[in-house]
Structure formats: C-alpha cells, structure tokens
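Have a look at start.txt; it's compact mmCIF, N, CA and C atoms:
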```
# COMPACT_ATOMS: atom_id res chain seq x y z
N MET A 65 91.02 104.64 80.12
CA MET A 65 91.88 104.50 78.95
C MET A 65 92.49 105.84 78.61
N GLN A 66 93.73 105.79 78.23
CA GLN A 66 94.41 106.99 77.72
C GLN A 66 93.72 107.40 76.43
N PRO A 67 93.40 108.70 76.23
CA PRO A 67 92.66 109.11 75.04
C PRO A 67 93.43 108.95 73.75
N THR A 68 94.75 109.15 73.78
CA THR A 68 95.56 108.98 72.58
C THR A 68 96.92 108.39 72.95
N ALA A 69 97.54 107.79 71.96
CA ALA A 69 98.92 107.32 72.09
C ALA A 69 99.75 108.13 71.11
N THR A 70 100.96 108.48 71.50
CA THR A 70 101.83 109.27 70.64
C THR A 70 102.88 108.37 70.03
N VAL A 71 102.93 108.37 68.71
CA VAL A 71 103.86 107.54 67.94
C VAL A 71 104.84 108.45 67.22
N LEU A 72 106.13 108.29 67.51
CA LEU A 72 107.18 109.03 66.83
C LEU A 72 107.60 108.24 65.60
N VAL A 73 107.61 108.90 64.45
CA VAL A 73 108.02 108.26 63.19
C VAL A 73 109.28 108.95 62.69
N TYR A 74 110.36 108.17 62.59
CA TYR A 74 111.64 108.71 62.10
C TYR A 74 111.97 108.13 60.73
N SER A 75 112.05 109.02 59.74
CA SER A 75 112.54 108.68 58.41
C SER A 75 112.91 109.98 57.72
N ASP A 76 113.97 109.95 56.95
CA ASP A 76 114.32 111.14 56.17
C ASP A 76 113.43 111.25 54.94
N ASP A 77 112.66 110.22 54.64
CA ASP A 77 111.79 110.16 53.47
C ASP A 77 110.35 110.47 53.88
N SER A 78 109.84 111.59 53.40
CA SER A 78 108.46 111.99 53.77
C SER A 78 107.44 110.98 53.26
N THR A 79 107.72 110.30 52.17
CA THR A 79 106.80 109.29 51.64
C THR A 79 106.70 108.11 52.60
N THR A 80 107.82 107.69 53.15
CA THR A 80 107.80 106.59 54.13
C THR A 80 107.01 107.01 55.36
N ARG A 81 107.21 108.23 55.83
CA ARG A 81 106.44 108.71 57.00
C ARG A 81 104.95 108.71 56.68
N GLU A 82 104.59 109.12 55.47
CA GLU A 82 103.19 109.13 55.07
C GLU A 82 102.63 107.71 55.03
N HIS A 83 103.39 106.76 54.49
CA HIS A 83 102.92 105.37 54.43
C HIS A 83 102.68 104.80 55.82
N VAL A 84 103.53 105.17 56.77
CA VAL A 84 103.35 104.73 58.15
C VAL A 84 102.04 105.28 58.71
N ARG A 85 101.81 106.56 58.52
CA ARG A 85 100.57 107.18 59.02
C ARG A 85 99.34 106.52 58.39
N LEU A 86 99.39 106.31 57.10
CA LEU A 86 98.24 105.71 56.41
C LEU A 86 98.03 104.26 56.84
N ALA A 87 99.11 103.51 57.04
CA ALA A 87 98.99 102.11 57.43
C ALA A 87 98.40 101.97 58.83
N ALA A 88 98.78 102.87 59.73
CA ALA A 88 98.26 102.81 61.10
C ALA A 88 96.83 103.32 61.19
N GLY A 89 96.52 104.30 60.37
CA GLY A 89 95.20 104.93 60.48
C GLY A 89 95.09 105.69 61.80
N ARG A 90 93.90 106.02 62.17
CA ARG A 90 93.69 106.73 63.44
C ARG A 90 93.78 105.79 64.64
N ARG A 91 93.45 104.52 64.41
CA ARG A 91 93.50 103.52 65.49
C ARG A 91 93.90 102.19 64.85
N PRO A 92 95.08 101.69 65.15
CA PRO A 92 95.55 100.47 64.48
C PRO A 92 94.79 99.20 64.85
N ALA A 93 94.06 99.23 65.96
CA ALA A 93 93.24 98.09 66.38
C ALA A 93 92.14 98.62 67.29
N PRO A 94 91.01 97.93 67.36
CA PRO A 94 89.89 98.43 68.17
C PRO A 94 90.19 98.55 69.66
N ASP A 95 91.14 97.76 70.17
CA ASP A 95 91.39 97.75 71.61
C ASP A 95 92.57 98.63 72.03
N VAL A 96 93.05 99.50 71.15
CA VAL A 96 94.11 100.44 71.51
C VAL A 96 93.60 101.85 71.27
N PRO A 97 94.23 102.84 71.91
CA PRO A 97 93.75 104.21 71.75
C PRO A 97 94.01 104.77 70.35
N LEU A 98 93.38 105.90 70.09
CA LEU A 98 93.70 106.65 68.88
C LEU A 98 95.17 107.03 68.92
N VAL A 99 95.79 107.15 67.74
CA VAL A 99 97.20 107.53 67.71
C VAL A 99 97.38 108.92 67.11
N GLU A 100 98.35 109.62 67.66
CA GLU A 100 98.81 110.90 67.11
C GLU A 100 100.26 110.68 66.72
N PHE A 101 100.67 111.31 65.64
CA PHE A 101 102.02 111.10 65.13
C PHE A 101 102.88 112.33 65.34
N VAL A 102 104.14 112.09 65.69
CA VAL A 102 105.17 113.11 65.72
C VAL A 102 106.18 112.64 64.68
N GLU A 103 106.41 113.46 63.67
CA GLU A 103 107.32 113.07 62.60
C GLU A 103 108.68 113.73 62.78
N CYS A 104 109.73 112.94 62.57
CA CYS A 104 111.10 113.44 62.65
C CYS A 104 111.86 112.98 61.42
N ALA A 105 112.64 113.91 60.84
CA ALA A 105 113.43 113.59 59.66
C ALA A 105 114.92 113.50 59.96
N THR A 106 115.33 113.84 61.19
CA THR A 106 116.74 113.81 61.56
C THR A 106 116.93 113.14 62.92
N PRO A 107 118.12 112.57 63.14
CA PRO A 107 118.39 111.97 64.46
C PRO A 107 118.29 112.99 65.60
N ASP A 108 118.74 114.23 65.37
CA ASP A 108 118.65 115.25 66.41
C ASP A 108 117.20 115.52 66.81
N ALA A 109 116.31 115.55 65.83
CA ALA A 109 114.89 115.77 66.11
C ALA A 109 114.32 114.63 66.95
N VAL A 110 114.74 113.40 66.66
CA VAL A 110 114.28 112.24 67.45
C VAL A 110 114.70 112.41 68.90
N LEU A 111 115.97 112.73 69.12
CA LEU A 111 116.46 112.88 70.49
C LEU A 111 115.76 114.01 71.23
N ARG A 112 115.48 115.12 70.54
CA ARG A 112 114.75 116.23 71.17
C ARG A 112 113.36 115.79 71.60
N GLU A 113 112.65 115.08 70.72
CA GLU A 113 111.29 114.63 71.05
C GLU A 113 111.31 113.64 72.21
N LEU A 114 112.27 112.73 72.21
CA LEU A 114 112.34 111.77 73.31
C LEU A 114 112.68 112.46 74.63
N ASP A 115 113.51 113.49 74.57
CA ASP A 115 113.82 114.26 75.78
C ASP A 115 112.59 114.97 76.32
N ARG A 116 111.72 115.42 75.44
CA ARG A 116 110.46 116.07 75.88
C ARG A 116 109.55 115.11 76.61
N GLY A 117 109.61 113.84 76.21
CA GLY A 117 108.76 112.83 76.83
C GLY A 117 107.41 112.72 76.13
N GLY A 118 106.62 111.78 76.61
CA GLY A 118 105.28 111.60 76.08
C GLY A 118 105.19 110.72 74.85
N ILE A 119 106.28 110.11 74.43
CA ILE A 119 106.26 109.21 73.27
C ILE A 119 105.95 107.80 73.76
N ASP A 120 104.94 107.18 73.18
CA ASP A 120 104.54 105.84 73.59
C ASP A 120 105.22 104.74 72.78
N VAL A 121 105.41 104.96 71.49
CA VAL A 121 106.05 103.99 70.60
C VAL A 121 106.83 104.77 69.54
N CYS A 122 107.98 104.24 69.14
CA CYS A 122 108.77 104.82 68.04
C CYS A 122 108.70 103.88 66.84
N VAL A 123 108.64 104.47 65.66
CA VAL A 123 108.75 103.72 64.40
C VAL A 123 109.95 104.30 63.67
N PHE A 124 110.97 103.47 63.43
CA PHE A 124 112.21 103.93 62.81
C PHE A 124 112.41 103.26 61.47
N ASP A 125 112.76 104.06 60.47
CA ASP A 125 113.09 103.58 59.14
C ASP A 125 114.53 103.10 59.13
N GLY A 126 114.72 101.80 58.95
CA GLY A 126 116.07 101.24 58.92
C GLY A 126 116.90 101.75 57.75
N GLU A 127 116.24 102.32 56.75
CA GLU A 127 116.94 102.81 55.55
C GLU A 127 117.18 104.32 55.61
N ALA A 128 116.86 104.97 56.71
CA ALA A 128 117.02 106.43 56.82
C ALA A 128 118.49 106.82 56.73
N VAL A 129 118.71 108.04 56.26
CA VAL A 129 120.06 108.62 56.22
C VAL A 129 120.00 110.00 56.86
N PRO A 130 120.99 110.47 57.53
CA PRO A 130 122.35 109.94 57.60
C PRO A 130 122.51 108.82 58.63
N MET A 131 121.56 108.64 59.52
CA MET A 131 121.64 107.57 60.52
C MET A 131 120.44 106.67 60.34
N GLY A 132 120.71 105.41 60.09
CA GLY A 132 119.63 104.45 59.92
C GLY A 132 118.86 104.20 61.21
N GLY A 133 117.66 103.69 61.05
CA GLY A 133 116.82 103.41 62.20
C GLY A 133 117.40 102.37 63.15
N MET A 134 118.20 101.45 62.59
CA MET A 134 118.80 100.43 63.46
C MET A 134 119.81 101.05 64.42
N GLY A 135 120.67 101.92 63.91
CA GLY A 135 121.64 102.60 64.76
C GLY A 135 120.95 103.54 65.75
N MET A 136 119.91 104.22 65.27
CA MET A 136 119.14 105.12 66.13
C MET A 136 118.49 104.33 67.27
N CYS A 137 117.94 103.17 66.94
CA CYS A 137 117.30 102.34 67.95
C CYS A 137 118.31 101.90 69.01
N ARG A 138 119.45 101.40 68.56
CA ARG A 138 120.46 100.94 69.52
C ARG A 138 120.92 102.10 70.41
N GLN A 139 121.08 103.28 69.83
CA GLN A 139 121.51 104.43 70.61
C GLN A 139 120.49 104.79 71.69
N ILE A 140 119.22 104.88 71.32
CA ILE A 140 118.24 105.30 72.32
C ILE A 140 118.01 104.23 73.38
N LYS A 141 118.16 102.96 73.01
CA LYS A 141 118.01 101.90 74.01
C LYS A 141 119.10 102.02 75.08
N ASP A 142 120.28 102.53 74.68
CA ASP A 142 121.37 102.74 75.63
C ASP A 142 121.26 104.05 76.39
N GLU A 143 120.69 105.08 75.76
CA GLU A 143 120.79 106.43 76.30
C GLU A 143 119.51 107.03 76.88
N VAL A 144 118.35 106.51 76.52
CA VAL A 144 117.09 107.12 76.94
C VAL A 144 116.48 106.29 78.08
N PHE A 145 116.35 106.93 79.23
CA PHE A 145 115.72 106.26 80.38
C PHE A 145 114.26 106.01 80.06
N GLY A 146 113.78 104.83 80.34
CA GLY A 146 112.38 104.50 80.06
C GLY A 146 112.08 104.54 78.57
N CYS A 147 113.03 104.08 77.79
CA CYS A 147 112.91 104.13 76.33
C CYS A 147 111.61 103.46 75.86
N PRO A 148 110.86 104.15 74.99
CA PRO A 148 109.64 103.52 74.47
C PRO A 148 109.99 102.37 73.53
N PRO A 149 109.05 101.46 73.33
CA PRO A 149 109.31 100.37 72.38
C PRO A 149 109.51 100.92 70.96
N VAL A 150 110.30 100.17 70.18
CA VAL A 150 110.63 100.60 68.83
C VAL A 150 110.17 99.55 67.82
N LEU A 151 109.46 100.01 66.80
CA LEU A 151 109.07 99.19 65.65
C LEU A 151 109.98 99.61 64.51
N LEU A 152 110.77 98.68 64.01
CA LEU A 152 111.76 98.96 62.98
C LEU A 152 111.24 98.56 61.60
N LEU A 153 111.44 99.46 60.64
CA LEU A 153 111.10 99.18 59.24
C LEU A 153 112.39 98.73 58.55
N MET A 154 112.42 97.48 58.08
CA MET A 154 113.61 96.91 57.47
C MET A 154 113.45 96.83 55.95
N GLY A 155 114.58 96.94 55.27
CA GLY A 155 114.57 96.85 53.81
C GLY A 155 114.34 95.44 53.31
N ARG A 156 114.81 94.43 54.06
CA ARG A 156 114.71 93.04 53.62
C ARG A 156 114.45 92.13 54.82
N PRO A 157 113.71 91.06 54.61
CA PRO A 157 113.49 90.11 55.71
C PRO A 157 114.81 89.53 56.25
N GLN A 158 115.83 89.45 55.38
CA GLN A 158 117.11 88.91 55.81
C GLN A 158 117.81 89.80 56.83
N ASP A 159 117.31 91.02 57.02
CA ASP A 159 117.91 91.95 57.98
C ASP A 159 117.36 91.76 59.40
N ALA A 160 116.59 90.70 59.61
CA ALA A 160 116.02 90.48 60.94
C ALA A 160 117.09 90.38 62.02
N TRP A 161 118.25 89.81 61.70
CA TRP A 161 119.32 89.72 62.69
C TRP A 161 119.81 91.10 63.09
N LEU A 162 119.78 92.07 62.15
CA LEU A 162 120.18 93.44 62.49
C LEU A 162 119.14 94.10 63.40
N ALA A 163 117.88 93.76 63.19
CA ALA A 163 116.83 94.28 64.08
C ALA A 163 117.06 93.78 65.50
N THR A 164 117.47 92.53 65.62
CA THR A 164 117.79 91.98 66.95
C THR A 164 119.00 92.70 67.54
N TRP A 165 120.03 92.92 66.74
CA TRP A 165 121.22 93.65 67.19
C TRP A 165 120.85 95.04 67.70
N SER A 166 119.92 95.70 67.01
CA SER A 166 119.54 97.07 67.36
C SER A 166 118.67 97.15 68.61
N ARG A 167 118.19 95.98 69.06
CA ARG A 167 117.29 95.87 70.22
C ARG A 167 115.88 96.38 69.93
N ALA A 168 115.49 96.36 68.66
CA ALA A 168 114.12 96.73 68.31
C ALA A 168 113.14 95.76 68.96
N ASP A 169 111.99 96.27 69.33
CA ASP A 169 110.97 95.43 69.97
C ASP A 169 110.14 94.67 68.95
N ALA A 170 110.10 95.17 67.72
CA ALA A 170 109.38 94.51 66.63
C ALA A 170 109.95 95.04 65.32
N ALA A 171 109.73 94.30 64.24
CA ALA A 171 110.23 94.73 62.94
C ALA A 171 109.29 94.24 61.85
N VAL A 172 109.13 95.07 60.84
CA VAL A 172 108.37 94.72 59.63
C VAL A 172 109.19 95.17 58.42
N THR A 173 108.91 94.60 57.27
CA THR A 173 109.68 94.95 56.09
C THR A 173 109.00 96.06 55.29
N LEU A 174 109.85 96.75 54.55
CA LEU A 174 109.39 97.75 53.59
C LEU A 174 109.16 97.06 52.26
N PRO A 175 108.25 97.49 51.42
CA PRO A 175 107.33 98.59 51.68
C PRO A 175 106.33 98.20 52.78
N VAL A 176 105.78 99.22 53.42
CA VAL A 176 104.88 99.01 54.55
C VAL A 176 103.61 98.30 54.09
N ASP A 177 103.36 97.14 54.69
CA ASP A 177 102.11 96.42 54.47
C ASP A 177 101.15 96.86 55.57
N PRO A 178 100.02 97.48 55.23
CA PRO A 178 99.13 98.05 56.26
C PRO A 178 98.67 97.06 57.32
N VAL A 179 98.34 95.84 56.93
CA VAL A 179 97.85 94.86 57.91
C VAL A 179 98.96 94.44 58.85
N GLU A 180 100.12 94.11 58.31
CA GLU A 180 101.26 93.70 59.13
C GLU A 180 101.71 94.84 60.05
N PHE A 181 101.79 96.04 59.49
CA PHE A 181 102.25 97.18 60.27
C PHE A 181 101.28 97.51 61.40
N ALA A 182 99.99 97.61 61.10
CA ALA A 182 99.00 97.95 62.13
C ALA A 182 98.99 96.90 63.24
N SER A 183 99.14 95.63 62.87
CA SER A 183 99.19 94.57 63.87
C SER A 183 100.40 94.72 64.78
N ALA A 184 101.57 94.98 64.20
CA ALA A 184 102.79 95.13 65.01
C ALA A 184 102.70 96.36 65.91
N LEU A 185 102.20 97.47 65.38
CA LEU A 185 102.06 98.69 66.18
C LEU A 185 101.07 98.48 67.32
N ALA A 186 99.94 97.86 67.03
CA ALA A 186 98.94 97.60 68.07
C ALA A 186 99.51 96.71 69.17
N SER A 187 100.32 95.72 68.79
CA SER A 187 100.93 94.84 69.77
C SER A 187 101.86 95.62 70.71
N LEU A 188 102.63 96.56 70.16
CA LEU A 188 103.51 97.37 71.02
C LEU A 188 102.69 98.30 71.91
N LEU A 189 101.61 98.85 71.40
CA LEU A 189 100.75 99.70 72.22
C LEU A 189 100.11 98.89 73.35
N ARG A 190 99.70 97.67 73.05
CA ARG A 190 99.15 96.82 74.11
C ARG A 190 100.20 96.53 75.17
N GLY A 191 101.43 96.32 74.75
CA GLY A 191 102.52 96.05 75.69
C GLY A 191 102.78 97.23 76.61
N LYS A 192 102.47 98.44 76.15
CA LYS A 192 102.62 99.64 76.98
C LYS A 192 101.42 99.83 77.90
N ARG A 193 100.47 98.89 77.85
CA ARG A 193 99.24 98.97 78.64
C ARG A 193 98.41 100.19 78.28
N LEU A 194 98.37 100.48 77.00
CA LEU A 194 97.55 101.58 76.50
C LEU A 194 96.23 101.05 75.95
N VAL A 195 95.79 99.92 76.50
CA VAL A 195 94.62 99.24 75.99
C VAL A 195 93.36 99.80 76.65
N GLY A 196 92.33 99.92 75.88
CA GLY A 196 91.06 100.39 76.40
C GLY A 196 89.90 99.68 75.76
N ALA A 197 88.72 100.21 75.95
CA ALA A 197 87.52 99.57 75.40
C ALA A 197 87.31 99.94 73.96
```
Whole structure given in structure tokens:
Amino acid sequence: MQPTATVLVYSDDSTTREHVRLAAGRRPAPDVPLVEFVECATPDAVLRELDRGGIDVCVFDGEAVPMGGMGMCRQIKDEVFGCPPVLLLMGRPQDAWLATWSRADAAVTLPVDPVEFASALASLLRGKRLVGA
C-alpha cells in the first residue's frame, strides 16, 4: 500500500480549505491511505502543483475566484496528461449539470458535510487503486 495519498485543495477561501481538511481527517476511510494536503489559493498555484506531479486527487471549490473550480477542472482535464480525479464542491445541488460539464469525477455541495465528503474522497482514492489494509 502507498503510505500516503496527496490531495490538492483549491479554494481562494482559507476557511473552505480548512473545512475540507477537517472533513477528510487523516484517513477518509479505513481502506484508503493516510492523506496529505497541498493547498492552493490561485489557479497558477494549481497548475504548478500538477506540473510537479504526485497529486492523487484534486478538490476544487466551484465558488472560488477569480477562476471557479468548474472552469479549473475543465481546463486541467484538457491540458494535464494523466489528470488526477477531481472532487468538485458546488454551491447548490442544482449545479450538478455544471459539474458534469466540467468533467468532475464527483461532486458534493457546500457547506462541506464531513460524511458525504469523506465518502466521495475515499471513493476517488479507491478508483486510483490507492487501497490498502
């Protein structure tokens, strides 16, 4: 098993980034590795981190400014080879069609519900075959 999984969290709001970290905890499910977070507050920082590699899952705030997570997701799906799966944080459940447009792999609504978020994150980590004992 991989000892840790790296989760990139993009939001211009430090409180949203904190809620994501707290909702995931150190391990979002018993059968996935411990997670480490890389926080980004700007689109340029996201692209730099993805260029470095080593990101297992991205969590994007759909309400971020100046570029929302939906636009950021669509951009990286087109531009990043081997793009990691993206969990999108949406403002409203009615925005699910926009999550589909952005090519997000999963979506949950804000405010972050810890149970729903941890379940969605763990599912994406399992899909990356980062599962262990």
Around the point (98.6, 104.2, 62.9), in the coordinates given by the file, pick out the residues reaching within 9 Å, counting only C-alpha atoms, and return them as number ranges by chain.
A: 71, 84-93, 98-101, 181-182, 185-186
What does the file look like for those residues with N, CA and C atoms, as a PDB file, in the frame of the given file?
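Generated output (selection10.pdb):
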```pdb
ATOM      1  N   VAL A  71     102.930 108.370  68.710  1.00  0.00           N
ATOM      2  CA  VAL A  71     103.860 107.540  67.940  1.00  0.00           C
ATOM      3  C   VAL A  71     104.840 108.450  67.220  1.00  0.00           C
ATOM      4  N   VAL A  84     103.530 105.170  56.770  1.00  0.00           N
ATOM      5  CA  VAL A  84     103.350 104.730  58.150  1.00  0.00           C
ATOM      6  C   VAL A  84     102.040 105.280  58.710  1.00  0.00           C
ATOM      7  N   ARG A  85     101.810 106.560  58.520  1.00  0.00           N
ATOM      8  CA  ARG A  85     100.570 107.180  59.020  1.00  0.00           C
ATOM      9  C   ARG A  85      99.340 106.520  58.390  1.00  0.00           C
ATOM     10  N   LEU A  86      99.390 106.310  57.100  1.00  0.00           N
ATOM     11  CA  LEU A  86      98.240 105.710  56.410  1.00  0.00           C
ATOM     12  C   LEU A  86      98.030 104.260  56.840  1.00  0.00           C
ATOM     13  N   ALA A  87      99.110 103.510  57.040  1.00  0.00           N
ATOM     14  CA  ALA A  87      98.990 102.110  57.430  1.00  0.00           C
ATOM     15  C   ALA A  87      98.400 101.970  58.830  1.00  0.00           C
ATOM     16  N   ALA A  88      98.780 102.870  59.730  1.00  0.00           N
ATOM     17  CA  ALA A  88      98.260 102.810  61.100  1.00  0.00           C
ATOM     18  C   ALA A  88      96.830 103.320  61.190  1.00  0.00           C
ATOM     19  N   GLY A  89      96.520 104.300  60.370  1.00  0.00           N
ATOM     20  CA  GLY A  89      95.200 104.930  60.480  1.00  0.00           C
ATOM     21  C   GLY A  89      95.090 105.690  61.800  1.00  0.00           C
ATOM     22  N   ARG A  90      93.900 106.020  62.170  1.00  0.00           N
ATOM     23  CA  ARG A  90      93.690 106.730  63.440  1.00  0.00           C
ATOM     24  C   ARG A  90      93.780 105.790  64.640  1.00  0.00           C
ATOM     25  N   ARG A  91      93.450 104.520  64.410  1.00  0.00           N
ATOM     26  CA  ARG A  91      93.500 103.520  65.490  1.00  0.00           C
ATOM     27  C   ARG A  91      93.900 102.190  64.850  1.00  0.00           C
ATOM     28  N   PRO A  92      95.080 101.690  65.150  1.00  0.00           N
ATOM     29  CA  PRO A  92      95.550 100.470  64.480  1.00  0.00           C
ATOM     30  C   PRO A  92      94.790  99.200  64.850  1.00  0.00           C
ATOM     31  N   ALA A  93      94.060  99.230  65.960  1.00  0.00           N
ATOM     32  CA  ALA A  93      93.240  98.090  66.380  1.00  0.00           C
ATOM     33  C   ALA A  93      92.140  98.620  67.290  1.00  0.00           C
ATOM     34  N   LEU A  98      93.380 105.900  70.090  1.00  0.00           N
ATOM     35  CA  LEU A  98      93.700 106.650  68.880  1.00  0.00           C
ATOM     36  C   LEU A  98      95.170 107.030  68.920  1.00  0.00           C
ATOM     37  N   VAL A  99      95.790 107.150  67.740  1.00  0.00           N
ATOM     38  CA  VAL A  99      97.200 107.530  67.710  1.00  0.00           C
ATOM     39  C   VAL A  99      97.380 108.920  67.110  1.00  0.00           C
ATOM     40  N   GLU A 100      98.350 109.620  67.660  1.00  0.00           N
ATOM     41  CA  GLU A 100      98.810 110.900  67.110  1.00  0.00           C
ATOM     42  C   GLU A 100     100.260 110.680  66.720  1.00  0.00           C
ATOM     43  N   PHE A 101     100.670 111.310  65.640  1.00  0.00           N
ATOM     44  CA  PHE A 101     102.020 111.100  65.130  1.00  0.00           C
ATOM     45  C   PHE A 101     102.880 112.330  65.340  1.00  0.00           C
ATOM     46  N   PHE A 181     101.790  96.040  59.490  1.00  0.00           N
ATOM     47  CA  PHE A 181     102.250  97.180  60.270  1.00  0.00           C
ATOM     48  C   PHE A 181     101.280  97.510  61.400  1.00  0.00           C
ATOM     49  N   ALA A 182      99.990  97.610  61.100  1.00  0.00           N
ATOM     50  CA  ALA A 182      99.000  97.950  62.130  1.00  0.00           C
ATOM     51  C   ALA A 182      98.990  96.900  63.240  1.00  0.00           C
ATOM     52  N   LEU A 185     102.200  97.470  65.380  1.00  0.00           N
ATOM     53  CA  LEU A 185     102.060  98.690  66.180  1.00  0.00           C
ATOM     54  C   LEU A 185     101.070  98.480  67.320  1.00  0.00           C
ATOM     55  N   ALA A 186      99.940  97.860  67.030  1.00  0.00           N
ATOM     56  CA  ALA A 186      98.940  97.600  68.070  1.00  0.00           C
ATOM     57  C   ALA A 186      99.510  96.710  69.170  1.00  0.00           C
TER      58      ALA A 186
END
```
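The nearest approach to Met131 in chain A among the residues A:Ala163, A:Val144, A:Leu189, A:Ala105, with only C-alpha atoms taken into account, belongs to A:Ala105.
The residue set within 8 Å of Val110 in chain A, counting all atoms listed in the file and dropping same-chain residues fewer than 6 places from it, reads Leu72, Val73, Tyr74, Glu103, Cys104 and Arg116 of chain A.
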Using atom C of Arg112 in chain A and atom C of Arg156 in chain A as the two end points, give the distance in Å to one decimal.
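Interatomic distance here is 29.0 Å.
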Pick out the closest residue to Pro67 in chain A from this set: A:Glu127, A:Lys141, A:Val102, A:Val96. Count all atoms listed in the file.
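Checking each candidate against Pro67 in chain A, we get A:Val96 as the closest.
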Of the listed residues A:Pro175, A:Gly191, A:Pro107, A:Pro94, that which approaches Gly133 in chain A most closely, counting only C-alpha atoms:
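Among A:Pro175, A:Gly191, A:Pro107, A:Pro94, it is A:Pro107 that comes nearest to Gly133 in chain A.
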Of the residues A:Asp125, A:Pro97, A:Thr79, A:Thr68, which is the one nearest to Arg190 in chain A, using all atoms listed in the file?
A:Pro97
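The space between CA of Arg138 in chain A and CA of Asp95 in chain A spans 29.3 Å.
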Find the distance between CA of Gly126 in chain A and CA of Leu152 in chain A and write it in Å to one decimal.
6.3 Å
Need to verify the contact set: range 164-170 of chain A, 6 Å, only N, CA and C atoms, exclusion of same-chain residues closer than 4 positions in sequence. Can you return it as a list in words?
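Everything that qualifies: Met134, Cys137, Arg138, Pro149, Val150, Leu151, Leu152 and Ala160 of chain A.
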Where in range 97-158 of chain A does DSSP assign helix (DSSP H, G or I), given as a PyMOL selection string?
chain A and resi 107-116+133-143+157-158
Box dimensions and centre (Å, one decimal) enclosing range 162-168 of chain A, axis-aligned, 3 Å extra per side, as JSON:
```
{"center_x": 117.2, "center_y": 94.6, "center_z": 66.2, "size_x": 14.1, "size_y": 11.2, "size_z": 14.1}
```
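Residue nearest Asp76 in chain A within the list A:Val176, A:Leu114, A:Ala128, A:Ile140: A:Ala128 [criterion: smallest interatomic distance, only C-alpha atoms].
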Going by DSSP on the backbone, which bits of chain A are strand (DSSP E)? Write them as a list of chain:residue names, please.
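Assigned to strand (DSSP E), within chain A: A:Thr68, A:Ala69, A:Thr70, A:Val71, A:Leu72, A:Val73, A:Tyr74, A:Leu98, A:Val99, A:Glu100, A:Phe101, A:Val102, A:Glu103, A:Cys104, A:Val121, A:Cys122, A:Val123, A:Phe124, A:Asp125, A:Val150, A:Leu151, A:Leu152, A:Leu153, A:Met154, A:Ala170, A:Ala171, A:Val172, A:Thr173.
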